[in-house]
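S.K.: Mind having a look at this structure? Questions to follow.
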Amino acid sequence: MNKNNPHEIVLEIKNLFKKFENKIILNDLNIKISKGKSIGVMGPSGTGKSILLKCILGLTDYNGQILYNGKLLERKNREILYNNSGMLFQGGALFDSLNVWQNISFKIMNNSSAHSKKDSILIAKKMLNEVELGAEIFQNMPSELSGGMQKRVALARAIVNKPNILFFDEPTTGLDPLTTKAINELIINLINKKNVTSLIISHDPLSIQKICDEVIFLTDGKIEWHGNVKEMSNSKHKMLKDYLNSNK
């Protein structure tokens with residue numbers, strides 16, 4: 001976990017409200033994420049965890065405000081978040097038609113004409129080293145990689161633009177226990193090494209406990225519990241206790 005404890009707010013969510021037809025998904029959420037902190041959002045399926053992430057990324061409309069480094073995010077200026085963030089999608093979401101180095105360098109090649117193919121390959125190989133993979137796989141296709149390797153390549157893609165905030169959507173879904181442990185440790189090491197702020201969406205309490213500094217427990221689109229990750233296991237909150245016990 002990141003031990004940095006500055007007061008600068010990197011991401012602030014104010015009165016976030018989202019509904020589909022008559023169903024309320026997020027109900028007046030207020031969240032602040034300080035620089036260098038890792039915040040986990042946990043809760044049962046259907047409680048709005050992934051929708052929260054979609055709102056932050058501007059992938060769906062919403063009511064309320066989302067601020068990045070004090071600037072209100074709107075459609076016209078969303079690139080200030082895109083250009084300074086990285087995203088690890090659920091399942092990795094690598095492009096099937098692109099090889100490893102093309103996947104990793106996709107963002108930098110599409111955002112700037114300054115990177116040649118040779119430069120992009122060198123950068124991709126460096127990123128592979130960052131996620132503890134050998135450079136010899138740089139021309140492999142995603143279908144030739146194991147699930148754990150695909151997740152590492154996806155993580156390499158997420159950090160290629162040197163982001164100051166990382167978003168994770170169920171980073172260990174579908175992985176076996178040993179691979180889950182390895183990916184969790186890799187995420188922790190990268191977060192600490194690069195001193196980035198992070199928001200992790202996960203249904204897995206063990207991953208949340210391993211990676212995060214603070215935990216937000218969502219149910220029915222509301223924050224039921226919010227506290228330090230060390231306090232979570234001893235919390236007397238009934239819904240949180242029931243959720244943690246159901247995942248043992």
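Each chain of the structure tokens is named A, B, ... in the order shown, its residues numbered from 1; ligands are numbered from 1 in display order.
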Using only C-alpha atoms, tabulate the residues of segment 43-131 of chain A lying at most 12 Å from any atom of segment 240-246 of chain A, each with its closest atom pair and that distance in Å to one decimal, by chain and increasing residue number, as JSON lines.
M.R.:
{"residue": "A:Gly43", "atom": "CA", "partner": "A:Tyr243", "partner_atom": "CA", "distance": 7.6}
{"residue": "A:Pro44", "atom": "CA", "partner": "A:Tyr243", "partner_atom": "CA", "distance": 7.6}
{"residue": "A:Ser45", "atom": "CA", "partner": "A:Tyr243", "partner_atom": "CA", "distance": 11.2}
S.K.: Could you tell me, as a PyMOL selection string, which residues of segment 116-194 of chain A DSSP assigns to alpha helix (DSSP H) when given the backbone?
M.R.: chain A and resi 117-130+147-159+177-194
S.K.: Set the distance at 9 Å and use only C-alpha atoms: which residues neighbour Ile31 of chain A once local chain neighbours fewer than 2 positions away are removed? I'd like the list as a PDB file with C-alpha atoms, in the first residue's frame.
M.R.:
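Done, and the output landed in result_10.pdb:
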ATOM      1  CA  LEU A  11     -10.216  13.148  -7.973  1.00  0.00           C
ATOM      2  CA  GLU A  12     -13.386  14.455  -6.358  1.00  0.00           C
ATOM      3  CA  ILE A  13     -16.911  13.197  -6.947  1.00  0.00           C
ATOM      4  CA  LYS A  14     -19.754  15.458  -5.825  1.00  0.00           C
ATOM      5  CA  ASN A  15     -23.410  14.463  -5.527  1.00  0.00           C
ATOM      6  CA  LEU A  29     -22.249   9.762  -4.052  1.00  0.00           C
ATOM      7  CA  ILE A  33      -9.269  10.586  -3.538  1.00  0.00           C
ATOM      8  CA  ILE A 216     -15.741   2.228   0.065  1.00  0.00           C
TER       9      ILE A 216
END
S.K.: Would you write out, as a Markdown table, a table of all residues in segment 45-86 of chain A that have an atom no more than 12 Å from an atom of segment 202-212 of chain A, listing for each the closest atom pair and the distance in Å to one decimal, considering only C-alpha atoms and ordering rows by chain and rising residue number?
M.R.:
| residue | atom | partner | partner_atom | distance |
| --- | --- | --- | --- | --- |
| A:Ser45 | CA | A:His203 | CA | 7.6 |
| A:Gly46 | CA | A:His203 | CA | 10.7 |
| A:Thr47 | CA | A:His203 | CA | 10.5 |
| A:Gly48 | CA | A:Ser202 | CA | 11.4 |
| A:Lys49 | CA | A:Ser202 | CA | 8.0 |
| A:Ser50 | CA | A:Ser202 | CA | 9.0 |
| A:Leu53 | CA | A:Ser202 | CA | 11.3 |
S.K.: Dump C-alpha atoms for the selected residues as a PDB file, in the first residue's frame?
M.R.:
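This is the output file result_10.pdb:
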ATOM      1  CA  SER A  45     -22.999  -7.249  -8.009  1.00  0.00           C
ATOM      2  CA  GLY A  46     -25.383  -4.633  -9.340  1.00  0.00           C
ATOM      3  CA  THR A  47     -24.571  -1.975  -6.744  1.00  0.00           C
ATOM      4  CA  GLY A  48     -23.116   0.520  -9.226  1.00  0.00           C
ATOM      5  CA  LYS A  49     -19.380  -0.132  -8.948  1.00  0.00           C
ATOM      6  CA  SER A  50     -18.660  -0.345 -12.666  1.00  0.00           C
ATOM      7  CA  LEU A  53     -16.114   4.038 -13.169  1.00  0.00           C
TER       8      LEU A  53
END
S.K.: Residues near Trp101 of chain A, anyone? I mean within 7 Å using only C-alpha atoms, not counting same-chain ones fewer than 6 positions away, as a list of chain:residue names.
M.R.: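 The filter keeps A:Ile121, A:Ala124, A:Phe138, A:Gln139.
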S.K.: The selected residues should be written to file as a PDB file, in the first residue's frame (atoms: N, CA and C atoms).
M.R.:
ATOM      1  N   ILE A 121       8.277   0.130 -30.202  1.00  0.00           N
ATOM      2  CA  ILE A 121       8.694  -1.223 -29.823  1.00  0.00           C
ATOM      3  C   ILE A 121       9.625  -1.177 -28.617  1.00  0.00           C
ATOM      4  N   ALA A 124       7.551  -0.441 -25.590  1.00  0.00           N
ATOM      5  CA  ALA A 124       6.762  -1.618 -25.228  1.00  0.00           C
ATOM      6  C   ALA A 124       7.616  -2.655 -24.505  1.00  0.00           C
ATOM      7  N   PHE A 138       7.182  -9.748 -27.453  1.00  0.00           N
ATOM      8  CA  PHE A 138       6.638  -8.482 -27.953  1.00  0.00           C
ATOM      9  C   PHE A 138       5.863  -8.625 -29.259  1.00  0.00           C
ATOM     10  N   GLN A 139       6.114  -9.691 -30.023  1.00  0.00           N
ATOM     11  CA  GLN A 139       5.395  -9.890 -31.280  1.00  0.00           C
ATOM     12  C   GLN A 139       4.287 -10.937 -31.167  1.00  0.00           C
TER      13      GLN A 139
END
S.K.: Tell me which protein, DNA and RNA residues are within 12 Å of Asn69 of chain A, counting only C-alpha atoms, leaving out same-chain ones fewer than 6 positions away, and put them as a list in words.
M.R.: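 Contacts, in chain order: His7, Glu8, Ile9, Val10, Leu11, Glu12, Ile13, Lys32, Ile33, Ser34, Lys35, Ile80, Leu81, Asn84, Asn164, Ile165 and Thr197 of chain A.
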S.K.: Please produce a file of the residues just selected, as a PDB file, in the first residue's frame, where the atoms kept are C-alpha atoms.
M.R.:
ATOM      1  CA  HIS A   7      -3.687  16.496   1.207  1.00  0.00           C
ATOM      2  CA  GLU A   8      -3.928  17.258  -2.499  1.00  0.00           C
ATOM      3  CA  ILE A   9      -7.195  15.939  -3.933  1.00  0.00           C
ATOM      4  CA  VAL A  10      -6.660  14.304  -7.323  1.00  0.00           C
ATOM      5  CA  LEU A  11     -10.216  13.148  -7.973  1.00  0.00           C
ATOM      6  CA  GLU A  12     -13.386  14.455  -6.358  1.00  0.00           C
ATOM      7  CA  ILE A  13     -16.911  13.197  -6.947  1.00  0.00           C
ATOM      8  CA  LYS A  32     -12.480  12.319  -2.499  1.00  0.00           C
ATOM      9  CA  ILE A  33      -9.269  10.586  -3.538  1.00  0.00           C
ATOM     10  CA  SER A  34      -6.022  12.141  -2.300  1.00  0.00           C
ATOM     11  CA  LYS A  35      -2.761  12.055  -4.208  1.00  0.00           C
ATOM     12  CA  ILE A  80      -7.139  16.188 -19.343  1.00  0.00           C
ATOM     13  CA  LEU A  81      -8.137  13.002 -17.518  1.00  0.00           C
ATOM     14  CA  ASN A  84      -3.012  11.536 -17.431  1.00  0.00           C
ATOM     15  CA  ASN A 164      -0.696   9.911 -12.333  1.00  0.00           C
ATOM     16  CA  ILE A 165      -3.974   8.081 -11.726  1.00  0.00           C
ATOM     17  CA  THR A 197      -3.206   7.513  -7.250  1.00  0.00           C
TER      18      THR A 197
END
S.K.: Please provide the set of residues having any atom within 8 Å of Phe168 of chain A, restricted to only C-alpha atoms, with same-chain residues fewer than 2 positions apart removed, written as a list in words.
M.R.: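 The neighbour list is Met87, Leu88, Phe89, Gln90, Leu166, Glu170, Pro171, Ser198, Leu199, Ile200 and Ile201 of chain A.
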S.K.: If we count only C-alpha atoms and set the cut-off at 12 Å, which residues sit around Leu94 of chain A, ignoring sequence neighbours fewer than 2 positions away in its own chain? Please answer as a PyMOL selection string.
M.R.: chain A and resi 87-92+96-106+141-143+145+147+149-158
S.K.: I'd like the interatomic distance between atom CA of Met239 of chain A and atom CA of Leu26 of chain A, to a tenth of an Å.
M.R.: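 Taking atom CA of Met239 of chain A as the start and atom CA of Leu26 of chain A as the end point, the length is 17.9 Å.
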S.K.: Taking into account only C-alpha atoms, which residue in the set A:Lys162, A:Lys230, A:Lys76, A:Lys18 is nearest to Lys54 of chain A?
M.R.: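 Residue with the minimum atom-to-atom distance to Lys54 of chain A: A:Lys18.
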S.K.: What is the atom CA of Asn110 of chain A to atom CA of Thr172 of chain A distance in Å?
M.R.: 27.7 Å
